[in-house]
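Input: a single structure, listed below in structure tokens.
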Amino acid sequence: MHPTRNHRFLLSVASLLAFLGATACSGSAGSVAATVGDTEISIADVEQAYARRAEAPAVASELAGDESGDPDPALQASVLTTLIRTEVLRQAAEDRSIEVGDEQISEQRKTLVESVGGQEALDEMLADANVSDEELEANLMDQAIQAAISEELASEVSDEQVRAAFTEDPQGQYGEKVEVRHILTKTEEDAQKAIERIEAGEEFSEVAKDMSTDTGSAERGGELGPIARGATVEAFDSAAFDAEEGELVGPIKTEFGFHVLEVTGQVAGAEFADVEKDIRTQLESAAQGQAFNDYITEF
């Protein structure tokens with residue numbers, strides 16, 4: 001990094017917002033909002049970007065509830081942060097002699113289109129957000145710069161790190177799972193009534209919809225989906241993994257109430273060879289992200 005460069009905000013976000021409010025009516029549109037290196041970001045830049053964001057349908061509907069007509073501080077802060085981040089990225093790219101061309105921007109555009117479900121979906125999102133082609137191009141440039149810096153900085157992920165991530169598996173992604181549905185009640189008596197209704201022939205899903213206080217799963221007939229070992233509270237976890245498929249278990253007391261559960265299926269744990277590539281990709285992505293954040297924060 002160039003030793004004479006000192007990238008900093010000349011105004012804190014809090015004082016800047018007060019400053020913007022004070023100067024917006026005084027005609028000081030040429031005043032400086034922030035300085036990044038030798039580049040000035042003017043209040044006019046912030047106001048122009050704010051106006052475009054505020055005109056987006058989704059944002060406009062939120063701002064409509066404020067009858068004061070004053071600029072929204074949170075939106076101002078978001079706009080300013082975006083302008084500063086863009087300039088910091090440009091200077092960081094220059095500092096590292098990174099040049100981003102049409103090919104890299106096209107790659108970012110392709111990734112974006114795929115992630116949102118196609119060009120038509122992207123066009124709709126841009127229209128809703130009131131984002132111009134020029135603004136989109138600038139955003140894609142930012143992403144391409146970030147990708148280039150991240151790739152330069154990140155260290156290689158070792159085979160040992162990949163194996164450790166699989167073995168430790170803190171999120172329970174790769175181990176065995178059970179597919180569970182449950183009914184949650186406030187009292188043990190209600191849980192027992194749910195069991196009696198099911199044993200008398202009623203469908204588990206119908207009883208769940210009728211009695212479960214877990215409204216989210218109740219709508220799905222009590223279905224919780226695949227659960228990894230250790231992903232739930234201990235009493236529920238033990239009952240679920242000890243149960244036979246199709247066995248009705250309960251009442252089980254937890255901090256949430258009383259549960260009645262049924263294991264509807266079992267999912268075997270993954271083989272290392274089948275997930276090794278995915279784990280490596282995740283670790284590399286995380287390493288690049290951390291390296292970029294550390295670098296850009298210092299820069």
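The way I read the labels, and the way they are meant: chains A, B, ... in the order of the structure tokens, residue 1 as the first residue of every chain, and ligand 1 as the first ligand shown, with later ones counted on from there.
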
Exercise: Ser217 in chain A partners within 9 Å, only C-alpha atoms, chain neighbours under 4 positions left out, as an mmCIF file with C-alpha atoms, in the first residue's frame:
data_model
loop_
_atom_site.group_PDB
_atom_site.id
_atom_site.type_symbol
_atom_site.label_atom_id
_atom_site.label_comp_id
_atom_site.auth_asym_id
_atom_site.auth_seq_id
_atom_site.Cartn_x
_atom_site.Cartn_y
_atom_site.Cartn_z
ATOM 1 C CA ARG A 181 -42.872 -34.103 12.022
ATOM 2 C CA HIS A 182 -44.102 -32.888 15.392
ATOM 3 C CA ILE A 183 -46.939 -31.361 17.356
ATOM 4 C CA ALA A 208 -50.926 -31.010 13.949
ATOM 5 C CA LYS A 209 -52.861 -28.382 12.008
ATOM 6 C CA SER A 212 -49.849 -27.510 17.319
ATOM 7 C CA THR A 213 -48.743 -24.146 18.684
ATOM 8 C CA GLY A 221 -48.893 -30.899 8.942
ATOM 9 C CA GLY A 222 -46.093 -30.710 11.508
ATOM 10 C CA GLU A 223 -43.286 -31.364 8.998
ATOM 11 C CA LEU A 224 -39.879 -30.076 10.094
#

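The protein and nucleic acid residues lying at most 8 Å from range 144-154 of chain A are A:Leu89, A:Arg90, A:Ala93, A:Ile98, A:Val100, A:Gln104, A:Ile105, A:Gln108, A:Leu140, A:Met141, A:Glu284, A:Ala287, A:Gln288, A:Gly289, A:Ala291, A:Phe292, with only C-alpha atoms considered and sequence neighbours fewer than 3 positions away removed.
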
Selection: 12 Å around Arg109 in chain A, only C-alpha atoms, excl. self and same-chain fewer than 4 positions, as a short mmCIF file (atom, residue, chain, number, x, y, z; two decimals) with C-alpha atoms, in the first residue's frame:
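As written to disk, part.cif reads:
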data_model
loop_
_atom_site.label_atom_id
_atom_site.label_comp_id
_atom_site.auth_asym_id
_atom_site.auth_seq_id
_atom_site.Cartn_x
_atom_site.Cartn_y
_atom_site.Cartn_z
CA ASP A 102 -15.35 -5.99 -20.39
CA GLU A 103 -14.72 -9.71 -19.98
CA GLN A 104 -14.72 -9.59 -16.18
CA ILE A 105 -17.78 -7.34 -16.09
CA VAL A 113 -28.55 -13.01 -14.32
CA GLU A 114 -28.29 -16.68 -13.35
CA SER A 115 -28.69 -15.94 -9.64
CA VAL A 116 -31.95 -14.00 -10.07
CA GLY A 118 -32.95 -14.86 -15.94
CA GLN A 119 -32.69 -11.53 -17.75
CA LEU A 122 -33.27 -8.97 -13.51
CA ASP A 133 -27.83 0.74 -16.76
CA LEU A 136 -25.68 -1.49 -12.79
CA GLU A 137 -22.46 -1.28 -14.78
CA ALA A 138 -20.75 0.49 -11.87
CA ASN A 139 -21.98 -2.17 -9.46
CA LEU A 140 -20.71 -4.95 -11.70
CA MET A 141 -17.37 -3.17 -11.88
CA ASP A 142 -17.25 -3.09 -8.06
CA GLN A 143 -17.99 -6.81 -7.89
CA ALA A 144 -15.33 -7.60 -10.49
#

Next on the checklist: Excluding Gln282 in chain A and its own-chain neighbours fewer than 3 positions away, which residues fall within 12 Å of it when counting only C-alpha atoms? Please give them as a list in words.
Outcome noted: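 Everything that qualifies: Val157, Gln161, Val162, Ala165, Phe166, Val275, Glu276, Lys277, Asp278, Ile279, Ser285, Ala286, Ala287, Gln288 and Gly289 of chain A.
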
Item to check | Among listed residues A:Thr187, A:Ile296, A:Glu219, A:Gly201, nearest His259 in chain A (using only C-alpha atoms) | outcome: A:Thr187

Checklist entry - Which is closest to Val88 in chain A among A:Ala127, A:Val36, A:Ala51, A:Val46, if we use only C-alpha atoms? => result A:Val36

Item to check | strand (DSSP E or B) residues, from DSSP on the backbone, in range 202-279 of chain A, as a list of chain:residue names | outcome: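 DSSP-assigned strand (DSSP E or B) residues in range 202-279 of chain A: A:Glu223, A:Leu224, A:Gly225, A:Pro226, A:Ile227, A:Ala228, A:Leu248, A:Val249, A:Gly250, A:Pro251, A:Ile252, A:Lys253, A:Thr254, A:Gly257, A:Phe258, A:His259, A:Val260, A:Leu261, A:Glu262, A:Val263, A:Thr264, A:Gly265, A:Gln266, A:Val267.
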
I need the chosen residues saved as a PDB file, in the first residue's frame, with N, CA and C atoms.
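Result went into selection-v3.pdb, see below:
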ATOM      1  N   GLU A 223     -44.563 -30.990   9.624  1.00  0.00           N
ATOM      2  CA  GLU A 223     -43.286 -31.364   8.998  1.00  0.00           C
ATOM      3  C   GLU A 223     -42.181 -30.363   9.340  1.00  0.00           C
ATOM      4  N   LEU A 224     -41.057 -30.893   9.814  1.00  0.00           N
ATOM      5  CA  LEU A 224     -39.879 -30.076  10.094  1.00  0.00           C
ATOM      6  C   LEU A 224     -38.783 -30.286   9.060  1.00  0.00           C
ATOM      7  N   GLY A 225     -38.914 -31.336   8.261  1.00  0.00           N
ATOM      8  CA  GLY A 225     -37.890 -31.639   7.272  1.00  0.00           C
ATOM      9  C   GLY A 225     -36.715 -32.376   7.888  1.00  0.00           C
ATOM     10  N   PRO A 226     -35.630 -32.585   7.126  1.00  0.00           N
ATOM     11  CA  PRO A 226     -34.466 -33.300   7.652  1.00  0.00           C
ATOM     12  C   PRO A 226     -33.785 -32.510   8.768  1.00  0.00           C
ATOM     13  N   ILE A 227     -33.488 -33.175   9.873  1.00  0.00           N
ATOM     14  CA  ILE A 227     -32.834 -32.535  11.019  1.00  0.00           C
ATOM     15  C   ILE A 227     -31.512 -33.247  11.287  1.00  0.00           C
ATOM     16  N   ALA A 228     -30.450 -32.470  11.391  1.00  0.00           N
ATOM     17  CA  ALA A 228     -29.141 -33.037  11.692  1.00  0.00           C
ATOM     18  C   ALA A 228     -29.007 -33.277  13.184  1.00  0.00           C
ATOM     19  N   LEU A 248     -44.603 -43.321  17.138  1.00  0.00           N
ATOM     20  CA  LEU A 248     -45.138 -42.104  17.750  1.00  0.00           C
ATOM     21  C   LEU A 248     -44.466 -41.925  19.107  1.00  0.00           C
ATOM     22  N   VAL A 249     -43.822 -40.784  19.332  1.00  0.00           N
ATOM     23  CA  VAL A 249     -43.035 -40.560  20.540  1.00  0.00           C
ATOM     24  C   VAL A 249     -43.523 -39.308  21.265  1.00  0.00           C
ATOM     25  N   GLY A 250     -43.661 -39.395  22.595  1.00  0.00           N
ATOM     26  CA  GLY A 250     -44.029 -38.228  23.378  1.00  0.00           C
ATOM     27  C   GLY A 250     -44.925 -38.585  24.546  1.00  0.00           C
ATOM     28  N   PRO A 251     -45.307 -37.605  25.335  1.00  0.00           N
ATOM     29  CA  PRO A 251     -44.889 -36.199  25.262  1.00  0.00           C
ATOM     30  C   PRO A 251     -43.423 -36.012  25.679  1.00  0.00           C
ATOM     31  N   ILE A 252     -42.731 -35.095  25.001  1.00  0.00           N
ATOM     32  CA  ILE A 252     -41.341 -34.762  25.288  1.00  0.00           C
ATOM     33  C   ILE A 252     -41.312 -33.305  25.755  1.00  0.00           C
ATOM     34  N   LYS A 253     -40.824 -33.074  26.941  1.00  0.00           N
ATOM     35  CA  LYS A 253     -40.789 -31.720  27.484  1.00  0.00           C
ATOM     36  C   LYS A 253     -39.493 -31.012  27.083  1.00  0.00           C
ATOM     37  N   THR A 254     -39.634 -29.808  26.558  1.00  0.00           N
ATOM     38  CA  THR A 254     -38.486 -28.946  26.279  1.00  0.00           C
ATOM     39  C   THR A 254     -38.836 -27.539  26.754  1.00  0.00           C
ATOM     40  N   GLY A 257     -42.197 -26.289  25.278  1.00  0.00           N
ATOM     41  CA  GLY A 257     -43.478 -26.889  25.611  1.00  0.00           C
ATOM     42  C   GLY A 257     -43.369 -28.403  25.583  1.00  0.00           C
ATOM     43  N   PHE A 258     -44.452 -29.052  25.134  1.00  0.00           N
ATOM     44  CA  PHE A 258     -44.486 -30.517  25.067  1.00  0.00           C
ATOM     45  C   PHE A 258     -44.666 -30.963  23.619  1.00  0.00           C
ATOM     46  N   HIS A 259     -43.799 -31.886  23.183  1.00  0.00           N
ATOM     47  CA  HIS A 259     -43.782 -32.331  21.803  1.00  0.00           C
ATOM     48  C   HIS A 259     -44.305 -33.760  21.667  1.00  0.00           C
ATOM     49  N   VAL A 260     -44.975 -33.978  20.538  1.00  0.00           N
ATOM     50  CA  VAL A 260     -45.273 -35.325  20.059  1.00  0.00           C
ATOM     51  C   VAL A 260     -44.606 -35.407  18.700  1.00  0.00           C
ATOM     52  N   LEU A 261     -43.777 -36.413  18.486  1.00  0.00           N
ATOM     53  CA  LEU A 261     -43.054 -36.461  17.219  1.00  0.00           C
ATOM     54  C   LEU A 261     -43.139 -37.834  16.561  1.00  0.00           C
ATOM     55  N   GLU A 262     -42.895 -37.815  15.270  1.00  0.00           N
ATOM     56  CA  GLU A 262     -42.829 -39.054  14.488  1.00  0.00           C
ATOM     57  C   GLU A 262     -41.725 -38.908  13.453  1.00  0.00           C
ATOM     58  N   VAL A 263     -40.831 -39.896  13.411  1.00  0.00           N
ATOM     59  CA  VAL A 263     -39.792 -39.919  12.392  1.00  0.00           C
ATOM     60  C   VAL A 263     -40.379 -40.544  11.128  1.00  0.00           C
ATOM     61  N   THR A 264     -40.359 -39.790  10.043  1.00  0.00           N
ATOM     62  CA  THR A 264     -40.956 -40.272   8.794  1.00  0.00           C
ATOM     63  C   THR A 264     -39.922 -40.766   7.786  1.00  0.00           C
ATOM     64  N   GLY A 265     -38.654 -40.555   8.082  1.00  0.00           N
ATOM     65  CA  GLY A 265     -37.619 -41.012   7.164  1.00  0.00           C
ATOM     66  C   GLY A 265     -36.245 -40.792   7.749  1.00  0.00           C
ATOM     67  N   GLN A 266     -35.257 -41.441   7.173  1.00  0.00           N
ATOM     68  CA  GLN A 266     -33.880 -41.302   7.620  1.00  0.00           C
ATOM     69  C   GLN A 266     -32.985 -41.015   6.418  1.00  0.00           C
ATOM     70  N   VAL A 267     -32.035 -40.127   6.633  1.00  0.00           N
ATOM     71  CA  VAL A 267     -31.111 -39.731   5.572  1.00  0.00           C
ATOM     72  C   VAL A 267     -29.701 -40.098   6.000  1.00  0.00           C
TER      73      VAL A 267
END

Checklist entry - CA of Ile198 in chain A to CA of Glu255 in chain A: how many Å, to one decimal? => result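 Those two atoms sit 23.9 Å apart.
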
Next on the checklist: Which residues are close to Arg52 in chain A, i.e. within 9 Å by only C-alpha atoms, leaving aside same-chain residues fewer than 5 positions away? Reply as a count of residues only.
Outcome noted: 4

Item to check | CA of Gln290 in chain A to CA of Ser155 in chain A, distance in Å rounded to a single decimal | outcome: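 A separation of 10.5 Å between them.
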
Item to check | Length of the CA of Arg96 in chain A to CA of Leu83 in chain A vector [Å] | outcome: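 These atoms are spaced 20.3 Å apart.
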
Next on the checklist: Ranking A:Ala194, A:Val59, A:Met125, A:Ile41 by minimum distance to Ala74 in chain A and counting only C-alpha atoms, which one comes first?
Outcome noted: A:Val59

Checklist entry - Which residues, written as number ranges by chain, have at least one atom at most 7 Å from Val79 in chain A, with only C-alpha atoms counted and residues fewer than 2 positions away on the same chain left out? => result A: 46, 49-50, 75-77, 81-83
